[in-house]
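All remarks here apply to the structure that follows.
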Amino acid sequence: MTEQSGAVYDLGYEPFDGERSGRKGARKAVYIDGIRRVLGLGRKARRKIMPWTLIVIAIIPSIVAIGISFILPAGSPDTINLADQNSEFFLLSGTMTMLFTALAAPELLIPDRRDGVLSMLSSRPLTPGDYLGARFASLATIVAGFMIVPQLVLFIGQAATDEEGLFQGFINAADTLPRIIAVAAVYTIAYVPLGFVIASLSNRKAIATASYLAVMIALTAFTEAIVRESSIPAGRWFALLAPINTADAANVWIFGGSNPDALLAVADISPIYGIIALVVFGSLLSMFSLHRYRGLM
Amino acid sequence: MAQTSFTTTGLGYAYGKIAALHSLDLQVPNGRTGLVGANGAGKSTLIKILLGILTPTVGSATVLGLDSRKDMIDIRSIVGYMPEGPCLPLDQTAADFLIYAAGTAGLPKRAARQRASDVLTLVGLNEERFRYLGDFSTGMKQRAKLAQAIVHDPELVFLDEPTSGLDPSGREEMLDLIQRLGGFGIDVVVSSHVLRDIERTCDWVVMLDEGTLLHAGPIGGQQTDGTVLLELTHDSDQVVSALRTAGATVTGRERVLEVSLAGGDVYDTVRDAVAMSGASIRRLDGSGGSLEEMFLHHGSQR
């Protein structure tokens, strides 16, 4: 019989002696978790269905437009000039983006309160402002990305269908990139803060989603009625209260177009004032969210 | 490491007009400390102040030598907290949540993964690491809560009612885990209204009642005041006789006796009497020094 050899090692508890990134690392972790949560990553399959369905639906028009411009010969009356489509596609995806925001904002804030995760986070190197800032950044990133990805697909399509070849096509279309980013930023400022505030107030995701959509639509209807139909003195300034209209007008303006029937145009207010109003309202709403979270963590 | 887990000086807190803590002066040494008191005694309020979640109305507190108001971020980098209520995202797997929990404490990604794996093994959840937390039993959830509290290797961990909702075996396992934490160099503050849990796991105790301090001090030194509770398997007049011969005072009847001895070791006397008479012991408890009696004693003096 051979002599048995060997030993059982109790590895025990290994202390962590490495460097801790403290507050910065904590904010980064909350930010990344926010993006994963909205996209349903690391969650059950049914949690992925809604976000990814919306993302695919948002990209399809770009792919179809590129496909048509490839199939139809240049000069055909039905062909699509992709270079003119950026602004149109932002208008087209605006409603989809609003729906995406309505679903994403509650997902970022409500489960953490409902499941008590804030209790865990309140023992981490985070202030309420850090937590909300990181979650806001997650939402802004994902909403901006939701609008930018179809535009990038379109951008690649523009370059690919350029008569001077792909490389030159990228150079020719390059000036649209900063406009795409600017417009995505405007829509993000228009859509995200309100969704964030409503999600910070509601304890049920479905109610938060419905409330957000209702408020956005009601604001549009209310301001349309005041600006176009009423004779209230200085009523035209109410146009600044309509985030959807303002973002749409800014979109057209940034891409160098004009729409005389847009609410801001009817109110005779420059889109730049509309953008400033969005930033001011967004800041106020964000401060309200912060107030709501004081004492919670 | 600081010489104390935490200190408070004239600490008070009020929820509006309702006072939750009254002028608390404490110096709690390193080690395992029990925070005991009935519901509403102010235990959770004290923990929340120490974590910087609540700002004291009056007075001040330090945690591991750091000021709870000024150094809140630094404190939170080196402490862990297991809340009494839920704190787990039910739609996440145990492994993902632990990695996230380690990340929120500032650990780099690779270290967070390694620590998450190690700590899940430590609390006995390694086999369950890819299961969703929403599918966990109560006992498994309590373990996961403990895991998130220590995943970042804190210097001090606050455990708020860690055995809440656990069955007897789950309770034993949780208490074993808590006892082991001290061996890892982690100071532990356990809040509980189950005094036996504190007796078993801690070497220091802070007793609170309606926001005031009843008593603070070591547990071990108070266990014996010369009286023990002896339960035998059968009636034994011989044991009673032997005890009385040895000078002990014996009260009680049938198999359950309270034995007191002034000026000697009561345990040795009981041992000798039982051995001499050939009886068997079912239970032998220290009496007069239990936390429960201490709590009642200090409470009655208020």
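Naming works like this for the structure tokens: A, B, ... for the chains as they're shown, residue 1 at the start of each chain, ligands 1 onward in shown order.
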Chain B residues within 9 Å of chain A, counting only C-alpha atoms: which ones, as a JSON list (two decimals) with C-alpha atoms, in the first residue's frame?
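Full text of part_17.json as output:
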```json
[["chain", "number", "residue", "atom", "x", "y", "z"],
["B", 48, "LYS", "CA", -27.49, 55.24, 10.54],
["B", 51, "LEU", "CA", -22.83, 55.50, 8.62],
["B", 52, "GLY", "CA", -23.49, 59.18, 7.94],
["B", 53, "ILE", "CA", -27.01, 58.56, 6.63],
["B", 54, "LEU", "CA", -28.48, 60.65, 9.47],
["B", 72, "MET", "CA", -18.51, 60.26, 5.84],
["B", 73, "ILE", "CA", -17.01, 59.16, 2.53],
["B", 74, "ASP", "CA", -13.82, 57.86, 4.19],
["B", 75, "ILE", "CA", -15.87, 55.95, 6.76],
["B", 76, "ARG", "CA", -18.04, 54.37, 4.09],
["B", 77, "SER", "CA", -14.94, 53.19, 2.24],
["B", 78, "ILE", "CA", -13.92, 50.99, 5.18],
["B", 79, "VAL", "CA", -17.19, 49.84, 6.72],
["B", 80, "GLY", "CA", -19.86, 47.39, 5.65],
["B", 81, "TYR", "CA", -23.54, 47.33, 6.52],
["B", 82, "MET", "CA", -26.08, 44.56, 6.53],
["B", 83, "PRO", "CA", -29.46, 46.26, 6.93],
["B", 85, "GLY", "CA", -34.68, 45.02, 5.75],
["B", 86, "PRO", "CA", -34.21, 43.85, 2.17],
["B", 87, "CYS", "CA", -31.22, 45.16, 0.22],
["B", 88, "LEU", "CA", -30.90, 42.72, -2.66],
["B", 89, "PRO", "CA", -31.82, 43.38, -6.31],
["B", 90, "LEU", "CA", -34.08, 40.43, -6.97],
["B", 91, "ASP", "CA", -33.46, 40.38, -10.72],
["B", 92, "GLN", "CA", -29.70, 39.95, -10.44],
["B", 93, "THR", "CA", -27.60, 36.82, -9.86],
["B", 96, "ASP", "CA", -23.28, 39.82, -10.42],
["B", 100, "TYR", "CA", -21.45, 45.28, -8.20],
["B", 101, "ALA", "CA", -21.40, 45.63, -4.39],
["B", 102, "ALA", "CA", -17.60, 45.35, -4.38],
["B", 103, "GLY", "CA", -17.38, 47.89, -7.21],
["B", 104, "THR", "CA", -19.49, 50.40, -5.31],
["B", 105, "ALA", "CA", -16.94, 50.16, -2.49],
["B", 106, "GLY", "CA", -14.19, 51.18, -4.89],
["B", 107, "LEU", "CA", -12.60, 47.82, -5.63],
["B", 108, "PRO", "CA", -11.11, 47.38, -9.12],
["B", 111, "ALA", "CA", -10.45, 42.28, -7.43],
["B", 115, "ARG", "CA", -13.65, 38.89, -3.75],
["B", 118, "ASP", "CA", -14.33, 34.17, -2.27],
["B", 119, "VAL", "CA", -17.03, 35.70, -0.11],
["B", 122, "LEU", "CA", -17.28, 31.86, 2.68],
["B", 132, "TYR", "CA", -31.17, 35.01, -9.28],
["B", 145, "LYS", "CA", -26.82, 40.28, 2.64],
["B", 148, "GLN", "CA", -22.38, 42.18, 0.38],
["B", 149, "ALA", "CA", -21.46, 43.68, 3.74],
["B", 152, "HIS", "CA", -14.98, 44.77, 0.08],
["B", 153, "ASP", "CA", -13.01, 43.61, 3.15],
["B", 154, "PRO", "CA", -14.21, 46.33, 5.54],
["B", 184, "PHE", "CA", -10.57, 37.93, 9.90],
["B", 185, "GLY", "CA", -9.67, 41.19, 11.61]]
```
For Thr95 in chain A, work out the shell of residues within 12 Å, counting only C-alpha atoms and skipping chain neighbours fewer than 2 positions away, then give it as an NGL selection string. :A and (54 or 57-58 or 89-93 or 97-102 or 146-147 or 187 or 191 or 213 or 216-217 or 244-245 or 247-248)
Would you mind exporting the chosen residues as an mmCIF file, in the first residue's frame, restricted to N, CA and C atoms?
```cif
data_model
loop_
_atom_site.group_PDB
_atom_site.id
_atom_site.type_symbol
_atom_site.label_atom_id
_atom_site.label_comp_id
_atom_site.auth_asym_id
_atom_site.auth_seq_id
_atom_site.Cartn_x
_atom_site.Cartn_y
_atom_site.Cartn_z
ATOM 1 N N LEU A 54 -37.132 47.804 -29.018
ATOM 2 C CA LEU A 54 -37.171 49.232 -29.385
ATOM 3 C C LEU A 54 -35.905 49.645 -30.131
ATOM 4 N N ILE A 57 -36.175 48.338 -33.645
ATOM 5 C CA ILE A 57 -37.167 49.120 -34.409
ATOM 6 C C ILE A 57 -36.585 50.483 -34.792
ATOM 7 N N ALA A 58 -35.782 51.054 -33.883
ATOM 8 C CA ALA A 58 -35.204 52.376 -34.170
ATOM 9 C C ALA A 58 -34.171 52.308 -35.293
ATOM 10 N N PHE A 89 -34.888 61.596 -39.744
ATOM 11 C CA PHE A 89 -34.817 60.392 -38.910
ATOM 12 C C PHE A 89 -34.880 60.720 -37.427
ATOM 13 N N PHE A 90 -34.332 61.873 -37.045
ATOM 14 C CA PHE A 90 -34.459 62.281 -35.638
ATOM 15 C C PHE A 90 -35.932 62.520 -35.299
ATOM 16 N N LEU A 91 -36.647 63.179 -36.241
ATOM 17 C CA LEU A 91 -38.075 63.436 -36.000
ATOM 18 C C LEU A 91 -38.833 62.112 -35.901
ATOM 19 N N LEU A 92 -38.409 61.174 -36.790
ATOM 20 C CA LEU A 92 -39.075 59.863 -36.823
ATOM 21 C C LEU A 92 -38.832 59.077 -35.533
ATOM 22 N N SER A 93 -37.592 59.163 -35.021
ATOM 23 C CA SER A 93 -37.249 58.366 -33.836
ATOM 24 C C SER A 93 -37.598 59.076 -32.533
ATOM 25 N N THR A 97 -37.942 57.384 -28.985
ATOM 26 C CA THR A 97 -37.007 57.749 -27.910
ATOM 27 C C THR A 97 -37.762 58.094 -26.632
ATOM 28 N N MET A 98 -38.883 58.780 -26.808
ATOM 29 C CA MET A 98 -39.695 59.145 -25.645
ATOM 30 C C MET A 98 -40.202 57.874 -24.955
ATOM 31 N N LEU A 99 -40.643 56.922 -25.743
ATOM 32 C CA LEU A 99 -41.121 55.655 -25.172
ATOM 33 C C LEU A 99 -39.978 54.914 -24.475
ATOM 34 N N PHE A 100 -38.814 54.932 -25.103
ATOM 35 C CA PHE A 100 -37.647 54.274 -24.523
ATOM 36 C C PHE A 100 -37.289 54.921 -23.182
ATOM 37 N N THR A 101 -37.325 56.257 -23.142
ATOM 38 C CA THR A 101 -37.029 56.979 -21.894
ATOM 39 C C THR A 101 -38.071 56.643 -20.830
ATOM 40 N N ALA A 102 -39.333 56.577 -21.273
ATOM 41 C CA ALA A 102 -40.417 56.275 -20.329
ATOM 42 C C ALA A 102 -40.224 54.917 -19.666
ATOM 43 N N PHE A 146 -29.354 55.597 -28.030
ATOM 44 C CA PHE A 146 -30.531 55.089 -28.730
ATOM 45 C C PHE A 146 -30.812 55.926 -29.986
ATOM 46 N N MET A 147 -30.531 57.240 -29.902
ATOM 47 C CA MET A 147 -30.757 58.095 -31.080
ATOM 48 C C MET A 147 -29.574 58.110 -32.022
ATOM 49 N N TYR A 187 -32.226 66.375 -27.590
ATOM 50 C CA TYR A 187 -33.338 65.453 -27.280
ATOM 51 C C TYR A 187 -33.154 64.831 -25.891
ATOM 52 N N TYR A 191 -35.835 65.090 -22.917
ATOM 53 C CA TYR A 191 -36.609 63.917 -22.486
ATOM 54 C C TYR A 191 -36.229 63.365 -21.114
ATOM 55 N N LEU A 213 -45.344 59.645 -19.998
ATOM 56 C CA LEU A 213 -45.912 59.838 -21.349
ATOM 57 C C LEU A 213 -47.069 60.813 -21.291
ATOM 58 N N MET A 216 -45.735 64.431 -20.858
ATOM 59 C CA MET A 216 -45.104 64.930 -22.085
ATOM 60 C C MET A 216 -46.154 65.301 -23.133
ATOM 61 N N ILE A 217 -47.131 64.431 -23.291
ATOM 62 C CA ILE A 217 -48.176 64.702 -24.290
ATOM 63 C C ILE A 217 -49.038 65.889 -23.847
ATOM 64 N N ILE A 244 -40.987 68.457 -26.358
ATOM 65 C CA ILE A 244 -40.971 67.738 -27.640
ATOM 66 C C ILE A 244 -40.839 68.726 -28.791
ATOM 67 N N ASN A 245 -41.688 69.757 -28.766
ATOM 68 C CA ASN A 245 -41.671 70.751 -29.851
ATOM 69 C C ASN A 245 -40.321 71.453 -29.921
ATOM 70 N N ALA A 247 -37.355 70.359 -28.908
ATOM 71 C CA ALA A 247 -36.313 69.472 -29.427
ATOM 72 C C ALA A 247 -36.463 69.300 -30.942
ATOM 73 N N ASP A 248 -37.700 69.148 -31.412
ATOM 74 C CA ASP A 248 -37.930 68.993 -32.856
ATOM 75 C C ASP A 248 -37.468 70.239 -33.615
#
```
Find the spatial neighbours of range 223-226 of chain A, counting only C-alpha atoms, within a cut-off of 7 Å - ignore same-chain residues fewer than 5 positions away - and output them as a list of chain:residue names.
-> A:Gly235, A:Phe238, A:Ala239, A:Leu241, A:Ala242, A:Leu263
What would the file look like if the residues just selected were written as an mmCIF file, in the first residue's frame with N, CA and C atoms?
```cif
data_model
loop_
_atom_site.group_PDB
_atom_site.id
_atom_site.type_symbol
_atom_site.label_atom_id
_atom_site.label_comp_id
_atom_site.auth_asym_id
_atom_site.auth_seq_id
_atom_site.Cartn_x
_atom_site.Cartn_y
_atom_site.Cartn_z
ATOM 1 N N GLY A 235 -48.414 84.986 -24.178
ATOM 2 C CA GLY A 235 -48.690 83.549 -24.249
ATOM 3 C C GLY A 235 -47.693 82.808 -25.104
ATOM 4 N N PHE A 238 -45.081 80.485 -23.619
ATOM 5 C CA PHE A 238 -45.431 79.133 -23.169
ATOM 6 C C PHE A 238 -44.825 78.074 -24.092
ATOM 7 N N ALA A 239 -44.456 78.503 -25.292
ATOM 8 C CA ALA A 239 -43.846 77.555 -26.248
ATOM 9 C C ALA A 239 -42.578 76.924 -25.671
ATOM 10 N N LEU A 241 -42.262 75.731 -22.846
ATOM 11 C CA LEU A 241 -42.592 74.657 -21.909
ATOM 12 C C LEU A 241 -42.825 73.320 -22.598
ATOM 13 N N ALA A 242 -42.733 73.320 -23.934
ATOM 14 C CA ALA A 242 -43.012 72.072 -24.656
ATOM 15 C C ALA A 242 -41.711 71.405 -25.080
ATOM 16 N N LEU A 263 -43.816 75.215 -33.410
ATOM 17 C CA LEU A 263 -44.386 76.041 -32.345
ATOM 18 C C LEU A 263 -43.487 77.234 -32.014
#
```
- Contacts of Ile55 in chain A at 9 Å (only C-alpha atoms; same-chain gap of 5+ positions) as a list in words: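 After dropping sequence-adjacent residues, the list is Met50, Ile60, Met96, Phe100, Phe146, Val149 and Pro150 of chain A.
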Mind the document's chain letters and residue numbers, and return as number ranges by chain the residues of range 28-259 of chain B that DSSP labels strand (DSSP E or B).
B: 28-29, 32-36, 58-63, 66-67, 79-82, 93, 132, 156-160, 187-192, 204-209, 212-218, 224-232, 249-253, 256-259
Give me every helix (DSSP H, G or I) residue in range 29-221 of chain A, going by DSSP on the backbone, as a VMD selection string.
chain A and resid 29 to 39 46 to 71 82 to 114 117 to 121 128 to 160 166 to 173 176 to 201 205 to 221
